[in-house]
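Colleague: Here you go, this is data-v9.txt (compact mmCIF, C-alpha atoms).
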```
# COMPACT_ATOMS: atom_id res chain seq x y z
CA MET A 15 70.95 94.46 54.63
CA THR A 16 68.22 91.86 54.71
CA ASP A 17 68.30 89.49 51.75
CA ARG A 18 65.22 89.36 49.59
CA VAL A 19 64.10 85.87 48.69
CA VAL A 20 61.13 85.15 46.46
CA LEU A 21 58.65 82.60 47.74
CA ALA A 22 56.99 80.91 44.78
CA THR A 23 53.40 81.15 45.96
CA HIS A 24 50.34 83.36 45.63
CA ASN A 25 49.13 82.11 49.03
CA ALA A 26 49.47 84.94 51.56
CA HIS A 27 48.94 82.49 54.45
CA LYS A 28 51.97 80.58 53.30
CA VAL A 29 54.19 83.67 53.04
CA CYS A 30 53.20 84.61 56.57
CA GLU A 31 53.78 81.14 57.99
CA LEU A 32 57.17 80.62 56.33
CA GLN A 33 58.41 84.09 57.23
CA ARG A 34 57.57 83.26 60.85
CA ILE A 35 59.37 79.90 60.69
CA LEU A 36 62.53 81.26 59.03
CA ARG A 37 62.73 84.21 61.48
CA ALA A 38 62.34 81.83 64.42
CA ALA A 39 65.19 79.76 62.96
CA GLY A 40 67.38 82.86 63.09
CA LEU A 41 67.48 83.50 59.37
CA ASP A 42 67.24 87.19 58.48
CA VAL A 43 65.60 87.15 55.07
CA GLU A 44 62.66 89.09 53.66
CA LEU A 45 60.27 86.75 51.93
CA VAL A 46 58.29 88.24 49.08
CA GLY A 47 55.39 86.43 47.45
CA LEU A 48 54.43 86.36 43.81
CA GLU A 49 52.04 89.30 44.22
CA GLU A 50 55.16 91.41 43.60
CA PHE A 51 55.78 89.61 40.31
CA PRO A 52 52.44 89.71 38.52
CA ASP A 53 54.01 88.54 35.24
CA ALA A 54 55.64 85.46 36.77
CA PRO A 55 54.71 82.31 34.85
CA GLU A 56 52.15 79.93 36.30
CA VAL A 57 53.99 76.72 37.14
CA ALA A 58 51.97 73.57 36.44
CA GLU A 59 52.80 70.97 39.11
CA THR A 60 53.57 68.20 36.65
CA GLU A 61 56.09 66.25 38.72
CA SER A 62 55.06 63.10 40.55
CA SER A 63 56.60 63.95 43.96
CA PHE A 64 56.51 66.81 46.46
CA ALA A 65 60.26 67.33 46.04
CA GLY A 66 60.00 67.38 42.25
CA ASN A 67 57.23 69.97 42.27
CA ALA A 68 58.97 72.16 44.87
CA LEU A 69 62.18 72.20 42.81
CA LEU A 70 60.23 72.85 39.60
CA LYS A 71 58.51 75.89 41.14
CA ALA A 72 61.64 77.32 42.80
CA ARG A 73 63.69 76.87 39.62
CA THR A 74 61.09 78.54 37.42
CA ILE A 75 60.71 81.55 39.71
CA ALA A 76 64.45 81.92 40.30
CA ASP A 77 65.01 81.90 36.55
CA PHE A 78 62.25 84.46 36.02
CA THR A 79 63.18 86.90 38.79
CA GLY A 80 66.94 86.41 38.88
CA LEU A 81 66.60 86.26 42.69
CA PRO A 82 67.09 83.34 45.08
CA ALA A 83 63.76 81.53 45.26
CA ILE A 84 62.12 79.23 47.75
CA ALA A 85 59.17 76.99 47.02
CA ASP A 86 57.37 74.35 48.92
CA ASP A 87 55.07 71.61 47.85
CA SER A 88 53.16 70.12 50.69
CA GLY A 89 50.08 68.07 51.26
CA LEU A 90 48.07 65.56 53.15
CA CYS A 91 48.76 61.85 52.61
CA VAL A 92 45.91 59.64 53.82
CA ASP A 93 46.85 55.98 54.28
CA ALA A 94 43.30 54.75 53.55
CA LEU A 95 43.51 56.67 50.24
CA ASN A 96 46.88 55.11 49.30
CA GLY A 97 48.69 58.31 50.21
CA MET A 98 46.34 60.63 48.32
CA PRO A 99 45.51 63.58 48.04
CA GLY A 100 49.36 63.86 48.22
CA ILE A 101 50.72 66.13 45.51
CA TYR A 102 47.12 66.85 44.46
CA SER A 103 46.16 68.25 47.88
CA ALA A 104 45.60 71.84 46.75
CA ARG A 105 43.51 70.77 43.73
CA TRP A 106 41.81 67.68 45.18
CA SER A 107 38.27 68.96 44.57
CA GLY A 108 39.25 69.91 41.02
CA GLN A 109 39.40 73.61 41.97
CA HIS A 110 42.88 74.86 42.88
CA GLY A 111 43.08 76.26 46.39
CA ASP A 112 39.46 75.74 47.46
CA ASP A 113 40.30 74.68 51.04
CA PRO A 114 36.75 74.00 52.31
CA ALA A 115 35.87 71.97 49.21
CA ASN A 116 39.10 69.94 49.40
CA LEU A 117 38.67 69.21 53.08
CA ASP A 118 34.98 68.28 52.78
CA LEU A 119 35.83 65.98 49.91
CA VAL A 120 38.45 64.05 51.91
CA LEU A 121 36.04 63.72 54.85
CA GLY A 122 33.35 62.41 52.50
CA GLN A 123 35.72 59.94 50.86
CA VAL A 124 36.79 58.41 54.18
CA ALA A 125 33.36 58.66 55.85
CA ASP A 126 33.13 54.85 56.13
CA VAL A 127 36.76 54.39 57.22
CA PRO A 128 36.92 53.43 60.92
CA ASP A 129 39.06 55.37 63.41
CA SER A 130 41.63 52.58 63.49
CA ARG A 131 42.46 53.20 59.82
CA ARG A 132 42.36 57.01 59.62
CA SER A 133 46.11 57.57 59.88
CA ALA A 134 47.62 60.28 57.71
CA GLN A 135 50.73 62.40 57.26
CA PHE A 136 51.35 66.02 56.47
CA VAL A 137 54.39 66.15 54.16
CA CYS A 138 56.33 69.20 53.02
CA ALA A 139 59.18 69.46 50.53
CA ALA A 140 61.03 72.79 50.63
CA ALA A 141 63.33 73.82 47.78
CA TRP A 142 65.85 76.65 47.58
CA VAL A 143 67.33 77.69 44.25
CA VAL A 144 70.02 80.34 43.74
CA PRO A 145 70.02 81.03 40.00
CA GLY A 146 73.08 79.55 38.33
CA VAL A 147 74.60 78.58 41.69
CA SER A 148 72.84 75.86 43.64
CA GLU A 149 69.67 73.83 44.27
CA HIS A 150 68.58 72.17 47.50
CA VAL A 151 65.44 70.32 48.56
CA VAL A 152 64.55 68.92 52.01
CA GLU A 153 61.45 67.20 53.42
CA GLY A 154 59.48 67.24 56.68
CA VAL A 155 56.75 64.83 57.81
CA LEU A 156 54.14 65.13 60.57
CA GLU A 157 52.32 61.91 61.55
CA GLY A 158 48.69 62.06 62.64
CA SER A 159 45.15 61.04 61.85
CA LEU A 160 41.96 62.46 60.36
CA ALA A 161 39.27 64.04 62.52
CA ARG A 162 35.59 63.34 61.76
CA ALA A 163 34.73 67.04 61.27
CA PRO A 164 36.68 70.31 60.87
CA ARG A 165 37.77 72.01 64.11
CA GLY A 166 39.71 75.23 64.72
CA GLY A 167 40.28 78.51 62.95
CA ASN A 168 44.07 78.76 62.70
CA GLY A 169 46.17 77.59 59.79
CA PHE A 170 44.84 76.76 56.35
CA GLY A 171 44.41 73.85 53.96
CA TYR A 172 43.66 70.60 55.76
CA ASP A 173 44.67 71.92 59.21
CA PRO A 174 41.09 71.73 60.60
CA ILE A 175 40.87 67.94 60.06
CA PHE A 176 44.43 66.87 60.95
CA VAL A 177 45.20 65.67 64.49
CA PRO A 178 48.95 65.21 65.11
CA ALA A 179 49.97 61.94 66.78
CA GLY A 180 49.91 62.38 70.55
CA TYR A 181 47.60 65.42 70.40
CA ALA A 182 43.85 65.79 70.90
CA LEU A 183 43.63 69.08 68.99
CA THR A 184 43.74 69.63 65.24
CA THR A 185 46.60 71.69 63.78
CA ALA A 186 43.99 74.45 63.25
CA GLU A 187 43.36 74.48 67.02
CA LEU A 188 47.04 74.77 67.94
CA ARG A 189 48.62 78.19 68.40
CA PRO A 190 50.82 79.09 65.41
CA GLU A 191 54.07 78.62 67.37
CA GLU A 192 52.92 75.26 68.72
CA LYS A 193 52.09 74.13 65.21
CA ASP A 194 55.39 75.36 63.75
CA ALA A 195 57.32 73.43 66.41
CA ILE A 196 56.01 70.08 65.15
CA SER A 197 54.68 70.69 61.67
CA HIS A 198 55.92 69.21 58.40
CA ARG A 199 56.48 72.75 57.14
CA GLY A 200 58.29 73.77 60.32
CA GLN A 201 60.60 70.77 60.06
CA ALA A 202 61.31 71.26 56.37
CA PHE A 203 61.94 75.00 56.58
CA ARG A 204 64.12 74.76 59.68
CA ALA A 205 66.23 72.23 57.78
CA LEU A 206 66.27 74.55 54.79
CA ALA A 207 67.25 77.52 57.02
CA GLN A 208 70.30 75.54 58.17
CA VAL A 209 71.30 74.89 54.57
CA MET A 210 70.77 78.57 53.70
CA ALA A 211 72.70 79.80 56.75
CA SER A 212 75.69 77.58 55.92
CA ARG A 213 76.12 79.10 52.44
CA MET B 13 12.84 26.35 37.06
CA THR B 14 15.14 29.32 36.84
CA ASP B 15 17.07 29.95 40.05
CA ARG B 16 16.55 33.29 41.71
CA VAL B 17 19.73 34.96 42.86
CA VAL B 18 19.81 38.29 44.66
CA LEU B 19 22.23 40.87 43.35
CA ALA B 20 23.29 43.13 46.21
CA THR B 21 22.82 46.46 44.48
CA HIS B 22 20.26 49.23 44.04
CA ASN B 23 21.87 50.11 40.69
CA ALA B 24 19.49 49.05 37.89
CA HIS B 25 22.27 49.50 35.29
CA LYS B 26 24.31 46.92 37.13
CA VAL B 27 21.46 44.39 37.34
CA CYS B 28 20.93 44.74 33.62
CA GLU B 29 24.63 44.42 32.74
CA LEU B 30 25.26 41.40 34.97
CA GLN B 31 22.11 39.61 33.83
CA ARG B 32 23.35 40.05 30.25
CA ILE B 33 26.84 38.74 31.11
CA LEU B 34 25.59 35.68 33.05
CA ARG B 35 23.07 34.77 30.32
CA ALA B 36 25.81 35.06 27.68
CA ALA B 37 27.92 32.73 29.84
CA GLY B 38 25.13 30.15 29.62
CA LEU B 39 23.97 30.47 33.21
CA ASP B 40 20.19 30.36 33.58
CA VAL B 41 19.56 32.45 36.67
CA GLU B 42 17.13 35.27 37.34
CA LEU B 43 18.93 38.17 38.98
CA VAL B 44 16.83 40.32 41.27
CA GLY B 45 18.06 43.62 42.64
CA LEU B 46 17.50 45.08 46.08
CA GLU B 47 14.39 46.98 44.93
CA GLU B 48 12.57 43.72 45.75
CA PHE B 49 13.93 43.81 49.31
CA PRO B 50 13.22 47.33 50.52
CA ASP B 51 14.06 46.38 54.13
CA ALA B 52 17.49 44.96 53.29
CA PRO B 53 20.21 46.57 55.41
CA GLU B 54 22.49 49.19 53.89
CA VAL B 55 25.97 47.69 53.76
CA ALA B 56 28.75 50.16 54.53
CA GLU B 57 31.77 49.31 52.38
CA THR B 58 34.21 49.24 55.28
CA GLU B 59 36.71 46.74 53.88
CA SER B 60 39.97 47.89 52.33
CA SER B 61 39.80 45.81 49.13
CA PHE B 62 37.34 45.19 46.30
CA ALA B 63 37.18 41.49 47.22
CA GLY B 64 36.55 42.27 50.89
CA ASN B 65 33.70 44.65 50.11
CA ALA B 66 32.11 42.30 47.55
CA LEU B 67 32.12 39.43 50.05
CA LEU B 68 30.79 41.69 52.81
CA LYS B 69 27.85 42.78 50.65
CA ALA B 70 27.03 39.30 49.33
CA ARG B 71 27.24 37.77 52.81
CA THR B 72 24.98 40.42 54.36
CA ILE B 73 22.32 40.09 51.68
CA ALA B 74 22.44 36.28 51.63
CA ASP B 75 21.98 36.26 55.40
CA PHE B 76 19.08 38.72 55.16
CA THR B 77 17.19 37.09 52.28
CA GLY B 78 18.10 33.44 52.83
CA LEU B 79 18.74 33.30 49.05
CA PRO B 80 22.02 32.87 47.19
CA ALA B 81 23.47 36.33 46.71
CA ILE B 82 25.91 37.89 44.31
CA ALA B 83 27.69 41.17 44.86
CA ASP B 84 30.37 43.02 43.04
CA ASP B 85 32.66 45.78 44.09
CA SER B 86 34.33 47.47 41.22
CA GLY B 87 36.09 50.68 40.43
CA LEU B 88 38.63 52.72 38.60
CA CYS B 89 42.27 52.59 39.72
CA VAL B 90 44.32 55.51 38.38
CA ASP B 91 48.08 54.98 38.56
CA ALA B 92 48.81 58.71 38.91
CA LEU B 93 46.46 58.73 41.92
CA ASN B 94 48.20 55.73 43.56
CA GLY B 95 45.37 53.42 42.52
CA MET B 96 42.58 55.69 43.71
CA PRO B 97 39.54 56.17 43.48
CA GLY B 98 39.70 52.34 43.84
CA ILE B 99 37.23 51.07 46.42
CA TYR B 100 35.98 54.67 46.80
CA SER B 101 35.01 54.96 43.11
CA ALA B 102 31.25 55.23 43.68
CA ARG B 103 31.65 57.83 46.46
CA TRP B 104 34.70 59.69 45.16
CA SER B 105 32.98 63.08 45.07
CA GLY B 106 31.63 62.48 48.57
CA GLN B 107 28.14 61.74 47.18
CA HIS B 108 27.42 58.05 46.67
CA GLY B 109 26.57 57.20 43.07
CA ASP B 110 26.86 60.66 41.54
CA ASP B 111 28.52 59.49 38.30
CA PRO B 112 29.01 62.88 36.61
CA ALA B 113 30.46 64.43 39.78
CA ASN B 114 32.81 61.48 40.35
CA LEU B 115 34.02 61.51 36.76
CA ASP B 116 34.50 65.29 36.62
CA LEU B 117 36.44 65.13 39.86
CA VAL B 118 38.90 62.54 38.55
CA LEU B 119 39.40 64.55 35.35
CA GLY B 120 40.06 67.67 37.43
CA GLN B 121 42.50 65.89 39.71
CA VAL B 122 44.61 64.58 36.83
CA ALA B 123 44.25 67.70 34.63
CA ASP B 124 48.02 68.36 34.84
CA VAL B 125 49.01 64.72 34.36
CA PRO B 126 50.51 64.17 30.90
CA ASP B 127 49.19 61.49 28.52
CA SER B 128 52.22 59.31 29.20
CA ARG B 129 51.17 58.91 32.84
CA ARG B 130 47.37 58.55 32.51
CA SER B 131 47.27 54.74 32.74
CA ALA B 132 44.43 53.21 34.75
CA GLN B 133 42.62 49.95 35.38
CA PHE B 134 39.00 48.97 35.78
CA VAL B 135 38.87 46.30 38.50
CA CYS B 136 35.92 44.15 39.53
CA ALA B 137 35.60 41.66 42.37
CA ALA B 138 32.55 39.40 42.14
CA ALA B 139 31.37 37.40 45.15
CA TRP B 140 28.84 34.58 45.39
CA VAL B 141 27.50 33.46 48.74
CA VAL B 142 25.10 30.55 49.31
CA PRO B 143 23.87 30.98 52.89
CA GLY B 144 25.43 28.40 55.19
CA VAL B 145 27.03 26.57 52.27
CA SER B 146 29.79 28.37 50.42
CA GLU B 147 31.55 31.65 49.57
CA HIS B 148 33.54 32.50 46.45
CA VAL B 149 35.17 35.66 45.15
CA VAL B 150 36.95 36.26 41.83
CA GLU B 151 38.49 39.33 40.17
CA GLY B 152 38.73 40.80 36.68
CA VAL B 153 40.96 43.64 35.45
CA LEU B 154 40.78 45.79 32.31
CA GLU B 155 43.90 47.87 31.49
CA GLY B 156 43.53 51.26 29.85
CA SER B 157 44.03 54.99 30.22
CA LEU B 158 42.08 58.14 31.01
CA ALA B 159 40.56 60.29 28.28
CA ARG B 160 40.72 64.10 28.56
CA ALA B 161 36.93 64.54 28.43
CA PRO B 162 33.88 62.25 28.68
CA ARG B 163 32.79 60.52 25.46
CA GLY B 164 29.92 58.14 24.75
CA GLY B 165 26.49 57.39 26.15
CA ASN B 166 26.61 53.68 26.95
CA GLY B 167 27.57 52.15 30.27
CA PHE B 168 27.75 54.04 33.55
CA GLY B 169 30.21 55.15 36.19
CA TYR B 170 33.58 56.06 34.73
CA ASP B 171 32.90 54.42 31.32
CA PRO B 172 32.90 57.78 29.44
CA ILE B 173 36.53 58.55 30.44
CA PHE B 174 38.10 55.07 30.23
CA VAL B 175 39.87 53.99 27.04
CA PRO B 176 40.81 50.28 27.06
CA ALA B 177 44.38 49.47 26.00
CA GLY B 178 44.49 48.95 22.24
CA TYR B 179 41.23 50.86 21.65
CA ALA B 180 40.54 54.43 20.54
CA LEU B 181 36.99 54.47 21.96
CA THR B 182 35.93 54.79 25.57
CA THR B 183 34.01 51.94 27.18
CA ALA B 184 30.93 54.22 26.95
CA GLU B 185 31.38 54.32 23.16
CA LEU B 186 31.62 50.53 22.77
CA ARG B 187 28.49 48.50 22.13
CA PRO B 188 27.41 46.61 25.29
CA GLU B 189 28.50 43.20 23.92
CA GLU B 190 31.88 44.60 22.85
CA LYS B 191 32.38 46.02 26.31
CA ASP B 192 31.33 42.83 28.09
CA ALA B 193 33.82 40.81 26.03
CA ILE B 194 36.78 42.70 27.47
CA SER B 195 35.53 44.41 30.62
CA HIS B 196 36.65 43.83 34.19
CA ARG B 197 33.03 42.99 35.06
CA GLY B 198 32.69 40.65 32.10
CA GLN B 199 35.86 38.81 33.09
CA ALA B 200 34.92 38.55 36.76
CA PHE B 201 31.33 37.42 36.17
CA ARG B 202 32.26 34.89 33.49
CA ALA B 203 34.71 33.40 36.00
CA LEU B 204 31.98 33.45 38.64
CA ALA B 205 29.52 31.82 36.25
CA GLN B 206 31.95 28.92 35.84
CA VAL B 207 32.16 28.51 39.60
CA MET B 208 28.36 28.68 39.92
CA ALA B 209 27.81 26.21 37.07
CA SER B 210 30.17 23.66 38.64
CA ARG B 211 28.24 23.52 41.93
```
Turn this file's structure into structure tokens for me.

Modeller:
Amino acid sequence: MTDRVVLATHNAHKVCELQRILRAAGLDVELVGLEEFPDAPEVAETESSFAGNALLKARTIADFTGLPAIADDSGLCVDALNGMPGIYSARWSGQHGDDPANLDLVLGQVADVPDSRRSAQFVCAAAWVVPGVSEHVVEGVLEGSLARAPRGGNGFGYDPIFVPAGYALTTAELRPEEKDAISHRGQAFRALAQVMASR
Amino acid sequence: MTDRVVLATHNAHKVCELQRILRAAGLDVELVGLEEFPDAPEVAETESSFAGNALLKARTIADFTGLPAIADDSGLCVDALNGMPGIYSARWSGQHGDDPANLDLVLGQVADVPDSRRSAQFVCAAAWVVPGVSEHVVEGVLEGSLARAPRGGNGFGYDPIFVPAGYALTTAELRPEEKDAISHRGQAFRALAQVMASR
């Protein structure tokens, strides 16, 4: 029987992407998003790190559902912005989850920053909580730089403006499997899959 | 005869505030803004520090006008945002000089940040360049924290959401002279006035 694991997100893109990554890592779990738990509490991301917020979300949803829960907190860290948007990536424009607004805002903020100082990282913390049993959190980082304008229709979030180091394409121009192979989320969730498989 | 000194800004609020501060410091200069030099080049703030941008602006305008020039670069540094908006304060919303948009954006970004972690600083770097003769730059810092909503009609920029340490009012609720006595800009320009007076 395939284990059901709750993924603490309302983002259908994220459920799809993580299901793909965990399957590719050989882990036979069925990820279910929060659409199946309409009464689940909203978790305010009040911690000051990706790992802290990922654990906070996984813990809250595991407690609520009684099921093993996974959560990630991920974002774009721009060196010229002292590592911001960081943990505020999804709410950078002040509106939670408004990808085009968030992305346009970052481009506007760094409009005067020359190419030599447009380095950035995608960071992902992935947490796994089994209620009353265990808690784990791992991180993945993808180095890159900011494009001047959005390019590509794959992915979500800041993918259209992020160019991985050594690539000419944005992560929104890469095929999903290519992206997963190098991405912050791919790295973090493959590490998490190993932890989950060993338990 | 009163010396004419160009202030490298199109912001009439800033001309007014700095004229007031320099006069109060006993310096008899006539500040003129860039409205009098409609052909002056736009200076992109490409440096990575307040001091760098202030010097860049003062140097460019002194070179263009042949007159002594003053420039400031100032902004709001929010600890929970790793010191941002910082040098991007005036263009934080992506639109240069849109005070209400910038201020609303910061409030939205830190909406989930508890009062215990809402500390911030107002920072000002003030530069003085006499063409072919000398360059000086000084800094002033005002410690404080972020309010939950804008309050007060004085000042400009982020004044309505900044509460100086030890005060209950925002800098937009203080009378102009009260604000100047403690503000980052007051500190920096009084220090600059001393340098200017000694030359």

Colleague: At a cut-off of 8 Å, which residues of chain A touch chain B? Count all atoms listed in the file and give the answer as a list of chain:residue names.

Modeller: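 The answer, sorted by residue number, is A:Ala58, A:Glu59, A:Thr60, A:Ser62, A:Ala94, A:Leu95, A:Asn96, A:Gly97, A:Met98, A:Pro99, A:Tyr102, A:Arg105, A:Trp106, A:Ser107, A:Gly108, A:Gln109, A:Asp118, A:Leu119, A:Val120, A:Leu121, A:Gly122, A:Gln123, A:Asp126, A:Val127, A:Pro128.
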
Colleague: Which polymer residues have any atom within 10 Å of an atom of Gly40 (chain A), counting only C-alpha atoms, with same-chain residues fewer than 6 positions away left out, as JSON, numbers by chain?

Modeller: {"A": [204, 207, 208, 211]}

Colleague: Which of these, A:Gly80, A:Pro174, A:Gly169, A:Gly89, has the shortest distance to Val137 (chain A) once you count all atoms listed in the file?

Modeller: A:Gly89

Colleague: Show me, as number ranges by chain, the residues that have an atom within 8 Å of region 23-34 of chain B when counting only C-alpha atoms, minus same-chain residues fewer than 6 positions from it.

Modeller: B: 40-45, 167-168, 192, 197-198, 201-202, 205

Colleague: Show me as a tab-separated table (two decimals) with C-alpha atoms, in the frame of the given file the residues that reach within 10 Å of (63.0, 76.0, 46.6), counting only C-alpha atoms and using the file's own coordinates.

Modeller:
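File produced: result13.tsv:
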```tsv
chain	number	residue	atom	x	y	z
A	20	VAL	CA	61.13	85.15	46.46
A	21	LEU	CA	58.65	82.60	47.74
A	22	ALA	CA	56.99	80.91	44.78
A	65	ALA	CA	60.26	67.33	46.04
A	67	ASN	CA	57.23	69.97	42.27
A	68	ALA	CA	58.97	72.16	44.87
A	69	LEU	CA	62.18	72.20	42.81
A	70	LEU	CA	60.23	72.85	39.60
A	71	LYS	CA	58.51	75.89	41.14
A	72	ALA	CA	61.64	77.32	42.80
A	73	ARG	CA	63.69	76.87	39.62
A	74	THR	CA	61.09	78.54	37.42
A	75	ILE	CA	60.71	81.55	39.71
A	76	ALA	CA	64.45	81.92	40.30
A	82	PRO	CA	67.09	83.34	45.08
A	83	ALA	CA	63.76	81.53	45.26
A	84	ILE	CA	62.12	79.23	47.75
A	85	ALA	CA	59.17	76.99	47.02
A	86	ASP	CA	57.37	74.35	48.92
A	87	ASP	CA	55.07	71.61	47.85
A	139	ALA	CA	59.18	69.46	50.53
A	140	ALA	CA	61.03	72.79	50.63
A	141	ALA	CA	63.33	73.82	47.78
A	142	TRP	CA	65.85	76.65	47.58
A	143	VAL	CA	67.33	77.69	44.25
A	144	VAL	CA	70.02	80.34	43.74
A	149	GLU	CA	69.67	73.83	44.27
A	150	HIS	CA	68.58	72.17	47.50
A	151	VAL	CA	65.44	70.32	48.56
A	152	VAL	CA	64.55	68.92	52.01
A	206	LEU	CA	66.27	74.55	54.79
```

Colleague: Calculated over all atoms listed in the file, which of the candidates B:Ala36, B:Phe62, B:His22, B:Val145 has the smallest distance to Ala193 (chain B)?

Modeller: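 Under the stated criterion, the closest residue is B:Ala36.
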
Colleague: Which residues, written as an mmCIF file with C-alpha atoms, in the frame of the given file, have at least one atom at most 8 Å from Tyr170 (chain B), with only C-alpha atoms counted and residues fewer than 4 positions away on the same chain left out?

Modeller:
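As written to disk, result-v1.cif reads:
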```
data_model
loop_
_atom_site.group_PDB
_atom_site.id
_atom_site.type_symbol
_atom_site.label_atom_id
_atom_site.label_comp_id
_atom_site.auth_asym_id
_atom_site.auth_seq_id
_atom_site.Cartn_x
_atom_site.Cartn_y
_atom_site.Cartn_z
ATOM 1 C CA LEU B 88 38.630 52.720 38.600
ATOM 2 C CA ASP B 111 28.520 59.490 38.300
ATOM 3 C CA ASN B 114 32.810 61.480 40.350
ATOM 4 C CA LEU B 115 34.020 61.510 36.760
ATOM 5 C CA PHE B 174 38.100 55.070 30.230
#
```

Colleague: May I ask for the distance between CA of Leu154 (chain B) and CA of Ala132 (chain B), given in Å to one decimal place?

Modeller: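 For CA of Leu154 (chain B) relative to CA of Ala132 (chain B), the distance reads 8.6 Å.
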
Colleague: Mind giving me the straight-line distance from CA of Ala159 (chain B) to CA of Ile173 (chain B) in Å, one decimal?

Modeller: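 Straight-line distance from CA of Ala159 (chain B) to CA of Ile173 (chain B) works out to 4.9 Å.
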